[in-house]
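**Q** Before I ask anything, let me first share the structure, which is written out below as structure tokens.
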Amino acid sequence: MESLKELYRIGPGPSSSHTLAVRNACLLYLQRYRNYPCYFVELCGSLGLTGRGHMSDKVIESVFGKERVLIKFNSEMSHNHPNTMIFHTIDSNVLANEVIIYSTGGGAIEVDGEPSLVDKNVYPHKNLKEIMDFCQENSYTFAQYVFHFEPEIRPYLNKVLIQMITAVRSGLQKNGVLPGELRVLRVARKLHRKAMDCEEANIREKLLISSYAYAAMEENASGALVVTAPTLGSCGVLAAMLMHYYEKGISKEILINALAVAGIFGNIVKRNATISGAVGGCQAEIGTACSMAAAFAGYIEGLSNRTIEFAAEIAMEHNLGLTCDPVGGYVQVPCIERNGQAVLRSLDSMIYAKYLGEIRDNIVTFDMIVEVMNYTGQKIPMELRETSLGGLAEVVPASRKECSKCIGC
């Protein structure tokens with residue numbers, strides 16, 4: 001499996017596949033073909049259908065220059081991957097130097113017909129069973145497993161931690177309306193205020209955690225820097241869980257260990273299934289994020305490797321079949337609220353595992369549920385896989401002339 005640096009990527013929102021990966025692809029192409037008077041970029045499939053709402057065109061223009069690039073949005077799904085980019089140079093009205101690049105999820109890209117751009121062999125194991133067997137043989141926790149194979153990863157995970165906290169704190173300070181025709185109001189700050197005013201401790205904790213997820217996702221929706229965990233469309237889940245324990249006084253060292261543990265589960269899904277909403281629906285993004293956050297919480301709560309697996313499995317199992325149907329192509333509705341709900345589900349999954357695990361062994365393994373998620377994703381209709389052609393995207397109006405009234409807007 002790949003380095004956790006390939007899973008946790010720091011970059012601009014709102015979408016890892018539609019902005020971060022598109023930026024990476026543009027930079028790669030520009031590095032190969034410099035000093036041409038003009039470039040032509042064709043976005044196909046999901047990128048063609050939802051690229052405008054995901055700010056793909058803005059990213060392309062920022063790399064090549066607005067006056068030097070032509071962009072075509074092509075909704076056809078005729079290529080090898082639902083997130084396909086086709087690049088050309090233009091000189092004297094002649095198209096040349098074609099390169100096809102796929103956005104494979106979480107900001108990663110692959111060039112058609114070329115070897116992988118990253119080292120996929122940092123971790124020698126291919127599934128959780130192999131990892132758990134190795135840990136048992138060496139009396140390792142999941143965190144020790146990561147640092148055994150990536151002993152230099154801790155400073156990078158510290159950067160990830162800092163950026164997650166920064167995004168949450170920044171989002172909690174802002175009011176106003178998110179970019180786009182939906183005119184969605186920022187609510188993280190007000191939700192946080194309601195949490196602080198709530199007298200019921202249990203409700204206050206849930207509202208606080210939700211406000212953290214909203215804050216990170218509202219930053220993502222506005223194009224600010226956030227962290228793929230495993231994607232930008234699901235970046236609020238793990239960031240919220242991290243902020244929850246950070247505010248409870250958990251040390252940075254333990255939080256970094258927990259990020260390493262969460263990364264194992266994200267990596268397994270990435271290797272054996274998909275973390276792309278265009279490929280597997282939102283179960284691939286939110287489901288994976290939910291599993292990662294459940295594993296993160298389980299490590300901090302001192303659960304065993306086996307019980308952490310139980311927590312991650314529960315989190316994924318009950319997101320099976322979740323569709324990706326962003327209204328208007330924006331990573332806002334239902335995405336932001338879904339992150340707030342998912343972090344609560346991940347915490348519940350950890351609690352279930354902790355106490356159910358004392359009663360009986362889990363029948364379903366994490367490897368099993370990843371296999372099922374991958375199969376289920378293939379069965380989800382194309383209209384419900386980040387194309388904005390069905391589901392909520394079909395029934396909710398994609399534009400509003402003015403935002404709703406709210407207190408303090």
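Identifiers in this document derive from the order of the structure tokens: chains are assigned A, B, ..., residues are numbered from 1 separately in each chain, and ligands are numbered from 1 in order of occurrence.
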Set the distance at 8 Å and use only C-alpha atoms: which residues neighbour A:Leu322 once local chain neighbours fewer than 2 positions away are removed? I'd like the list as a list of chain:residue names.

**A**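 Neighbouring residues, sequence-local ones excluded: A:Gly281, A:Cys282, A:Gln283, A:Gly287, A:Asn319, A:Leu320, A:Cys324.
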
**Q** So that I can see what lies close to A:Leu172, please list as a ChimeraX atom specification the residues with an atom at most 7 Å from it, counting only C-alpha atoms and leaving out residues fewer than 4 positions away in the same chain.

**A** /A:168,188-189,215

**Q** What are the DSSP alpha helix (DSSP H) residues of stretch 40-86 of chain A, as an NGL selection string?

**A** :A and (46-50 or 56-64)

**Q** Those residues with N, CA and C atoms, as a compact mmCIF listing (two decimals), in the first residue's frame please?

**A**
# COMPACT_ATOMS: atom_id res chain seq x y z
N SER A 46 -17.91 12.47 -15.04
CA SER A 46 -18.29 13.23 -13.85
C SER A 46 -17.63 14.60 -13.83
N LEU A 47 -16.39 14.67 -14.26
CA LEU A 47 -15.70 15.96 -14.32
C LEU A 47 -16.42 16.91 -15.27
N GLY A 48 -16.93 16.37 -16.38
CA GLY A 48 -17.65 17.20 -17.33
C GLY A 48 -19.01 17.64 -16.82
N LEU A 49 -19.67 16.76 -16.06
CA LEU A 49 -21.01 17.05 -15.58
C LEU A 49 -21.02 18.00 -14.38
N THR A 50 -20.06 17.87 -13.50
CA THR A 50 -20.08 18.66 -12.25
C THR A 50 -18.85 19.53 -12.08
N SER A 56 -13.65 23.29 -11.16
CA SER A 56 -12.56 22.73 -11.96
C SER A 56 -12.03 23.75 -12.96
N ASP A 57 -12.93 24.51 -13.58
CA ASP A 57 -12.50 25.49 -14.57
C ASP A 57 -11.64 26.58 -13.95
N LYS A 58 -11.97 26.99 -12.72
CA LYS A 58 -11.19 28.01 -12.04
C LYS A 58 -9.77 27.52 -11.77
N VAL A 59 -9.66 26.25 -11.38
CA VAL A 59 -8.36 25.67 -11.10
C VAL A 59 -7.52 25.59 -12.38
N ILE A 60 -8.14 25.14 -13.46
CA ILE A 60 -7.42 25.03 -14.73
C ILE A 60 -6.91 26.40 -15.18
N GLU A 61 -7.75 27.41 -15.07
CA GLU A 61 -7.36 28.76 -15.47
C GLU A 61 -6.25 29.31 -14.59
N SER A 62 -6.27 28.94 -13.31
CA SER A 62 -5.23 29.44 -12.40
C SER A 62 -3.86 28.86 -12.73
N VAL A 63 -3.83 27.65 -13.32
CA VAL A 63 -2.56 27.02 -13.67
C VAL A 63 -2.04 27.51 -15.02
N PHE A 64 -2.91 27.48 -16.04
CA PHE A 64 -2.46 27.82 -17.39
C PHE A 64 -2.55 29.31 -17.69

**Q** Can you build me a table of stretch 196-269 of chain A residues sitting at most 10 Å from stretch 116-128 of chain A, with the closest atom pair per residue and its distance in Å to one decimal, using only C-alpha atoms, sorted by chain and residue number, as a tab-separated table?

**A**
residue	atom	partner	partner_atom	distance
A:Ile264	CA	A:Leu128	CA	8.3
A:Phe265	CA	A:Leu128	CA	7.9
A:Asn267	CA	A:Asn127	CA	9.2
A:Ile268	CA	A:Asn127	CA	6.0
A:Val269	CA	A:Asn127	CA	8.8

**Q** Give the answer as one residue: which of A:Ile256, A:Leu178, A:Ile300, A:Ala278 has the shortest atom-to-atom distance to A:Pro381, using only C-alpha atoms?

**A** A:Ala278

**Q** Pull the closest atom pair for each residue of stretch 233-328 of chain A that gets at most 12 Å from stretch 9-15 of chain A, along with the distance in Å to one decimal, counting only C-alpha atoms, ordering rows by chain and then ascending residue number, as JSON lines.

**A**
{"residue": "A:Gly233", "atom": "CA", "partner": "A:Ser15", "partner_atom": "CA", "distance": 5.6}
{"residue": "A:Ser234", "atom": "CA", "partner": "A:Ser15", "partner_atom": "CA", "distance": 9.1}
{"residue": "A:Cys235", "atom": "CA", "partner": "A:Gly13", "partner_atom": "CA", "distance": 9.5}
{"residue": "A:Gly236", "atom": "CA", "partner": "A:Pro14", "partner_atom": "CA", "distance": 11.6}
{"residue": "A:Gly263", "atom": "CA", "partner": "A:Arg9", "partner_atom": "CA", "distance": 11.6}
{"residue": "A:Ser276", "atom": "CA", "partner": "A:Ser15", "partner_atom": "CA", "distance": 10.5}
{"residue": "A:Gly277", "atom": "CA", "partner": "A:Ser15", "partner_atom": "CA", "distance": 10.3}
{"residue": "A:Ala278", "atom": "CA", "partner": "A:Ser15", "partner_atom": "CA", "distance": 11.5}
{"residue": "A:Glu285", "atom": "CA", "partner": "A:Ser15", "partner_atom": "CA", "distance": 11.2}
{"residue": "A:Pro326", "atom": "CA", "partner": "A:Ser15", "partner_atom": "CA", "distance": 11.4}

**Q** Of the residues A:Ala229, A:Leu347, A:Ala353, A:Ile254, which is the one nearest to A:Arg154, using only C-alpha atoms?

**A**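 The closest residue to A:Arg154 is A:Ile254.
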
**Q** Sorted by chain and rising residue number, which residues of stretch 324-400 of chain A lie within 12 Å of stretch 76-85 of chain A, and what are their closest atom pairs and distances in Å to one decimal, counting only C-alpha atoms, as a tab-separated table?

**A**
residue	atom	partner	partner_atom	distance
A:Met382	CA	A:Met77	CA	9.2
A:Glu383	CA	A:Met77	CA	11.2
A:Arg385	CA	A:Pro82	CA	9.2
A:Glu386	CA	A:Pro82	CA	9.4
A:Thr387	CA	A:Pro82	CA	9.3

**Q** Just C-alpha atoms for this one: save the residues we selected as a tab-separated table (two decimals), in the first residue's frame.

**A**
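The file below, again_30.tsv, is the result:
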chain	number	residue	atom	x	y	z
A	382	MET	CA	-24.35	6.30	-12.84
A	383	GLU	CA	-26.89	9.06	-12.11
A	385	ARG	CA	-22.33	8.66	-8.65
A	386	GLU	CA	-21.29	12.32	-8.60
A	387	THR	CA	-22.93	13.26	-11.88

**Q** Which value, in Å to one decimal, gives the distance between atom CA of A:Gly65 and atom CA of A:Leu7?

**A**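 Interatomic distance, atom CA of A:Gly65 to atom CA of A:Leu7: 28.8 Å.
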
**Q** Report the distance between atom CA of A:Gly266 and atom CA of A:Ala312 in Å, rounded to one decimal place.

**A**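 One can read the atom CA of A:Gly266 to atom CA of A:Ala312 distance as 10.0 Å.
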
**Q** Name the residues of stretch 133-365 of chain A that come out as strand (DSSP E or B) in a backbone DSSP run; write them as a PyMOL selection string.

**A** chain A and resi 177+185+225-227+324

**Q** Export, as a compact mmCIF listing (two decimals), in the first residue's frame, the selected residues with N, CA and C atoms.

**A**
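Result file is result.txt:
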# COMPACT_ATOMS: atom_id res chain seq x y z
N VAL A 177 -22.40 33.68 3.10
CA VAL A 177 -22.95 32.72 2.13
C VAL A 177 -21.82 32.06 1.36
N LEU A 185 -26.05 29.12 3.32
CA LEU A 185 -25.53 29.90 4.44
C LEU A 185 -24.49 29.12 5.22
N LEU A 225 -7.87 25.86 2.15
CA LEU A 225 -7.04 24.68 2.33
C LEU A 225 -7.64 23.75 3.37
N VAL A 226 -7.80 22.49 2.99
CA VAL A 226 -8.28 21.45 3.89
C VAL A 226 -7.47 20.18 3.62
N VAL A 227 -7.85 19.08 4.28
CA VAL A 227 -7.09 17.84 4.15
C VAL A 227 -8.00 16.72 3.66
N CYS A 324 -24.05 9.53 -4.21
CA CYS A 324 -23.37 10.82 -4.35
C CYS A 324 -24.17 11.65 -5.34

**Q** Got a sec: who's within 8 Å of A:Ser16, counting only C-alpha atoms, leaving out chain neighbours fewer than 6 positions off, as a list in words?

**A** Gly105, Gly106, Gly107, Thr228, Thr231, Leu232 and Gly233 of chain A

**Q** Using only C-alpha atoms, which residues sit within 12 Å of A:Lys174 once same-chain residues fewer than 4 positions away are excluded, as number ranges by chain?

**A** A: 167-170, 178, 185-192, 214-216, 218-219, 222, 408-409

**Q** Give the answer as one residue: which of A:Thr365, A:Gly321, A:Ala195, A:Tyr355 has the shortest atom-to-atom distance to A:Met132, using only C-alpha atoms?

**A**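 For A:Met132, the nearest of the candidates is A:Thr365.
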
**Q** Just the residues within 12 Å of A:Pro37, please, counting only C-alpha atoms, with nothing from its chain fewer than 5 positions along; format it as a PyMOL selection string.

**A** chain A and resi 30+64-70+88-95
